[in-house]
Amino acid sequence: RNDPFPPVLIEQSDSNPTSGERMLRLTCIATALGAAAAFAPAGPPALRPSVRATSVRSTSALTGVRMADTYGSGASTDWSTVEKGRKPLQVQERTLEEWLEKFKDVRGSIRMMAAKVVAADYNANGKGDEVIATLMELMKVEDVNERRTAVQCLGMIGDVVLEEITELMLTTEDMVVRASCAKTIGAVALKNPETTKDFPQKSIDAMVKAATEIPDPVTKLSCLSGLSQIGGYCERGLDAIIEISKKTDDVALLTQSMNALGTIAEQHPEWVPKIKDGLIATREAHSGNEDGGEIVEGMISMQLDKIEGGGFIKNIQNSDGDDEGDAALDAMASFFGSKSKKK
């Protein structure tokens with residue numbers, strides 16, 4: 001017979017086994033059973049009572065496509081329809097609240113899956129405004145995973161969120177929320193490149209205003225990162241970065257803007273003349289600056305040399321909410337937030 005769990009044969013000793021022999025036999029049995037469970041072919045749950053598998057395949061309960069958590073639970077399954085080597089899925093529906101709860105999951109793939117599900121069906125039953133409001137509230141939580149996933153989900157929903165997010169960015173006193181708003185504006189551009197060419201000017205102007213007028217460094221760098229994502233598809237985003245470069249005296253922000261211009265030059269060779277003119281204008285704007293003027297001059301010269309020579313400095317963009325750029329910004333937010341509380 002085709003037994004998925006063949007018997008394990010252990011050679012018997014004529015004499016009484018020592019403790020070492022007994023331990024060796026037990027180890028062999030445990031290893032053999034473990035291998036049998038791991039490599040046994042897929043079969044009906046009744047033949048595999050010790051196996052319980054978790055599926056990472058999932059979709060939205062809101063759209064009628066559902067997530068399957070486990071199989072092997074003994075539920076009735078038509079095994080004739082299951083492709084050989086595949087595992088059947090037992091269906092378990094999830095509510096919107098349950099999907100939002102997965103924003104806290106330690107696994108990035110699960111968080112991103114949940115964000116896609118919520119974004120895809122956010123306006124089910126005409127409750128889109130409520131879902132957006134809930135996601136905006138999640139930008140205030142302390143859990144970094146939950147907050148980043150809310151940002152990415154809002155970005156996936158698209159430009160319908162921009163008006164409220166832009167207003168919140170300019171009015172909130174919470175540095176972390178303000179940075180999350182800037183990241184969301186950038187995520188809208190990144191997740192919806194087909195519409196970014198017509199990106200609302202109001203949001204671009206707000207990013208420039210926040211980057212140049214709000215003093216905390218987390219806001220500045222988050223806005224510049226968001227503008228670099230917009231500028232990858234929209235020439236007006238490029239204009240905004242050049243404007244910031246000419247206005248700001250913040251060396252860290254200037255460094256980020258130089259890197260962003262280099263990346264955009266690589267993506268859009270047709271914009272290189274405008275970028276070169278922007279770099280030259282930035283150098284002229286900072287020529288009389290005694291604090292850091294030489295540093296700015298060096299950065300601009302290096303960038304011009306790289307553009308003219310065909311090489312570019314790449315900019316690290318906060319694209320998926322789980323990268324090193326986000327981690328650095330969150331660390332800065334925690335540091336400066338703790339400093340402000342001590343004052």
# chains A, B, ... in the order shown; residues from 1 in each chain; ligands from 1

$ select_by_dssp --residues "region 79-328 of chain A" --states "helix (DSSP H, G or I)" --output "compact mmCIF listing (two decimals) with C-alpha atoms, in the first residue's frame"
# COMPACT_ATOMS: atom_id res chain seq x y z
CA TRP A 79 -9.96 16.45 -3.18
CA SER A 80 -10.52 15.63 -6.86
CA THR A 81 -10.41 19.35 -7.68
CA LEU A 96 -12.55 45.17 7.86
CA GLU A 97 -11.63 45.44 11.53
CA GLU A 98 -9.82 42.12 11.38
CA TRP A 99 -7.84 43.24 8.34
CA LEU A 100 -6.90 46.47 10.10
CA GLU A 101 -5.71 44.43 13.07
CA LYS A 102 -3.19 42.75 10.75
CA PHE A 103 -1.50 46.13 10.28
CA LYS A 104 0.29 45.29 13.55
CA GLY A 108 5.92 42.75 6.37
CA SER A 109 4.23 40.54 3.77
CA ILE A 110 1.12 40.16 5.94
CA ARG A 111 0.94 43.90 6.62
CA MET A 112 1.26 44.72 2.93
CA MET A 113 -1.36 42.14 2.04
CA ALA A 114 -3.77 43.66 4.55
CA ALA A 115 -3.08 47.17 3.22
CA LYS A 116 -3.86 46.04 -0.33
CA VAL A 117 -7.09 44.39 0.75
CA VAL A 118 -8.34 47.44 2.65
CA ALA A 119 -7.33 49.84 -0.11
CA ALA A 120 -8.93 47.75 -2.85
CA ALA A 124 -17.51 49.15 0.12
CA ASN A 125 -21.08 50.06 0.99
CA GLY A 126 -20.24 53.73 0.48
CA GLY A 128 -14.99 55.18 2.13
CA ASP A 129 -14.87 58.38 4.20
CA GLU A 130 -15.07 56.35 7.41
CA VAL A 131 -12.28 54.02 6.33
CA ILE A 132 -10.03 56.94 5.39
CA ALA A 133 -10.73 58.60 8.75
CA THR A 134 -9.83 55.37 10.53
CA LEU A 135 -6.57 55.06 8.61
CA MET A 136 -5.68 58.66 9.41
CA GLU A 137 -6.20 57.92 13.09
CA LEU A 138 -3.74 55.04 12.81
CA VAL A 144 5.61 51.69 13.98
CA ASN A 145 4.37 48.78 11.87
CA GLU A 146 0.75 49.83 12.21
CA ARG A 147 1.53 53.46 11.42
CA ARG A 148 3.65 52.69 8.35
CA THR A 149 1.05 50.27 6.99
CA ALA A 150 -1.67 52.90 7.36
CA VAL A 151 0.51 55.31 5.36
CA GLN A 152 0.99 52.76 2.58
CA CYS A 153 -2.71 51.88 2.54
CA LEU A 154 -3.70 55.54 2.21
CA GLY A 155 -1.18 55.86 -0.62
CA MET A 156 -2.78 52.92 -2.41
CA ILE A 157 -6.24 54.46 -2.08
CA ASP A 159 -5.48 61.13 -4.56
CA VAL A 160 -8.89 61.13 -2.89
CA VAL A 161 -7.01 61.26 0.45
CA LEU A 162 -4.75 64.19 -0.46
CA GLU A 163 -6.92 67.12 0.62
CA GLU A 164 -7.39 65.91 4.19
CA ILE A 165 -3.82 64.66 4.52
CA THR A 166 -2.38 67.93 3.24
CA GLU A 167 -4.51 69.94 5.67
CA LEU A 168 -3.49 67.73 8.59
CA MET A 169 0.21 68.03 7.71
CA LEU A 170 0.11 71.82 7.93
CA THR A 171 -2.00 72.04 11.09
CA MET A 175 5.87 65.73 14.55
CA VAL A 176 5.33 62.02 13.88
CA VAL A 177 1.86 62.60 12.39
CA ARG A 178 3.22 65.42 10.25
CA ALA A 179 5.99 63.19 8.89
CA SER A 180 3.46 60.43 8.24
CA CYS A 181 1.33 62.88 6.26
CA ALA A 182 4.33 63.81 4.11
CA LYS A 183 5.10 60.14 3.53
CA THR A 184 1.48 59.51 2.58
CA ILE A 185 1.54 62.27 -0.02
CA GLY A 186 4.67 60.69 -1.51
CA ALA A 187 3.08 57.23 -1.34
CA VAL A 188 0.06 58.45 -3.33
CA ALA A 189 2.45 59.42 -6.13
CA LEU A 190 4.45 56.21 -5.91
CA LYS A 191 1.46 53.86 -5.81
CA THR A 196 0.98 61.52 -10.76
CA LYS A 197 1.58 63.72 -13.79
CA ASP A 198 -1.54 65.65 -12.73
CA GLN A 201 -0.37 71.57 -6.96
CA LYS A 202 -1.84 72.35 -3.53
CA SER A 203 -0.17 69.28 -2.04
CA ILE A 204 3.15 70.03 -3.73
CA ASP A 205 3.11 73.61 -2.43
CA ALA A 206 2.26 72.36 1.07
CA MET A 207 5.28 70.04 1.00
CA VAL A 208 7.54 72.94 0.06
CA LYS A 209 6.03 75.07 2.82
CA ALA A 210 6.48 72.36 5.45
CA ALA A 211 10.05 71.58 4.35
CA THR A 212 11.19 75.20 4.44
CA GLU A 213 9.12 76.69 7.29
CA PRO A 217 14.33 67.80 10.68
CA VAL A 218 11.99 64.79 10.43
CA THR A 219 9.36 66.89 8.66
CA LYS A 220 11.95 68.42 6.35
CA LEU A 221 13.41 65.11 5.20
CA SER A 222 10.00 63.40 4.97
CA CYS A 223 8.72 66.19 2.72
CA LEU A 224 11.80 66.06 0.52
CA SER A 225 11.50 62.28 0.24
CA GLY A 226 7.84 62.62 -0.74
CA LEU A 227 8.66 65.27 -3.33
CA SER A 228 11.35 63.04 -4.81
CA GLN A 229 8.66 60.39 -5.34
CA ILE A 230 6.36 62.95 -6.97
CA GLY A 231 9.25 64.32 -9.03
CA GLU A 235 7.97 67.78 -13.52
CA ARG A 236 6.35 70.14 -11.04
CA GLY A 237 7.70 67.92 -8.26
CA LEU A 238 11.17 68.50 -9.69
CA ASP A 239 10.55 72.26 -9.67
CA ALA A 240 9.61 72.03 -5.99
CA ILE A 241 12.86 70.26 -5.08
CA ILE A 242 14.88 72.93 -6.89
CA GLU A 243 12.92 75.62 -5.04
CA ILE A 244 13.71 74.01 -1.69
CA SER A 245 17.38 73.70 -2.63
CA LYS A 246 17.58 77.43 -3.27
CA LYS A 247 15.64 78.42 -0.13
CA VAL A 251 22.76 71.11 5.02
CA ALA A 252 21.02 67.76 5.61
CA LEU A 253 18.03 68.88 3.55
CA LEU A 254 20.33 70.18 0.83
CA THR A 255 22.16 66.87 0.73
CA GLN A 256 18.88 65.00 0.33
CA SER A 257 17.73 67.39 -2.40
CA MET A 258 21.00 66.95 -4.32
CA ASN A 259 20.58 63.19 -4.18
CA ALA A 260 16.96 63.48 -5.29
CA LEU A 261 17.94 65.63 -8.27
CA GLY A 262 20.55 63.08 -9.27
CA THR A 263 18.01 60.26 -9.17
CA ILE A 264 15.46 62.22 -11.20
CA ALA A 265 18.15 63.08 -13.76
CA GLU A 266 18.76 59.37 -14.19
CA GLN A 267 15.06 58.63 -14.57
CA PRO A 269 17.35 62.47 -19.17
CA GLU A 270 15.07 64.98 -20.90
CA TRP A 271 14.98 67.00 -17.66
CA VAL A 272 18.77 67.15 -17.25
CA PRO A 273 19.07 70.73 -18.65
CA LYS A 274 16.53 71.97 -16.08
CA ILE A 275 18.30 70.07 -13.30
CA LYS A 276 21.67 71.52 -14.24
CA ASP A 277 20.20 75.02 -14.29
CA GLY A 278 18.66 74.34 -10.87
CA LEU A 279 21.97 73.20 -9.43
CA ILE A 280 23.74 76.29 -10.76
CA ALA A 281 20.97 78.53 -9.36
CA THR A 282 21.29 76.79 -5.99
CA ARG A 283 25.05 77.37 -5.96
CA GLU A 284 24.50 81.06 -6.67
CA ALA A 285 21.85 81.30 -3.95
CA GLY A 293 28.79 77.35 1.87
CA GLU A 294 31.83 75.29 0.97
CA ILE A 295 29.96 72.07 1.67
CA VAL A 296 27.11 73.15 -0.59
CA GLU A 297 29.56 74.16 -3.31
CA GLY A 298 31.25 70.76 -3.10
CA MET A 299 27.98 68.82 -3.28
CA ILE A 300 26.72 70.78 -6.25
CA SER A 301 30.02 70.49 -8.12
CA MET A 302 30.11 66.75 -7.52
CA GLN A 303 26.52 66.37 -8.71
CA LEU A 304 27.18 68.42 -11.84
CA ASP A 305 30.27 66.34 -12.59
CA LYS A 306 28.30 63.13 -12.22
CA ILE A 307 25.45 64.33 -14.42
CA GLU A 308 27.82 65.55 -17.12
CA GLY A 309 29.84 62.37 -16.85
CA GLU A 324 15.93 51.83 6.08
CA GLY A 325 14.84 55.34 5.14
CA ASP A 326 11.66 55.00 7.17
CA ALA A 327 13.57 53.46 10.06
CA ALA A 328 15.98 56.40 10.13

$ atom_distance --atom1 "CA of Thr248 (chain A)" --atom2 "CA of Asp216 (chain A)"
13.0 Å

$ atom_distance --atom1 "CA of Gly158 (chain A)" --atom2 "CA of Thr195 (chain A)"
9.0 Å
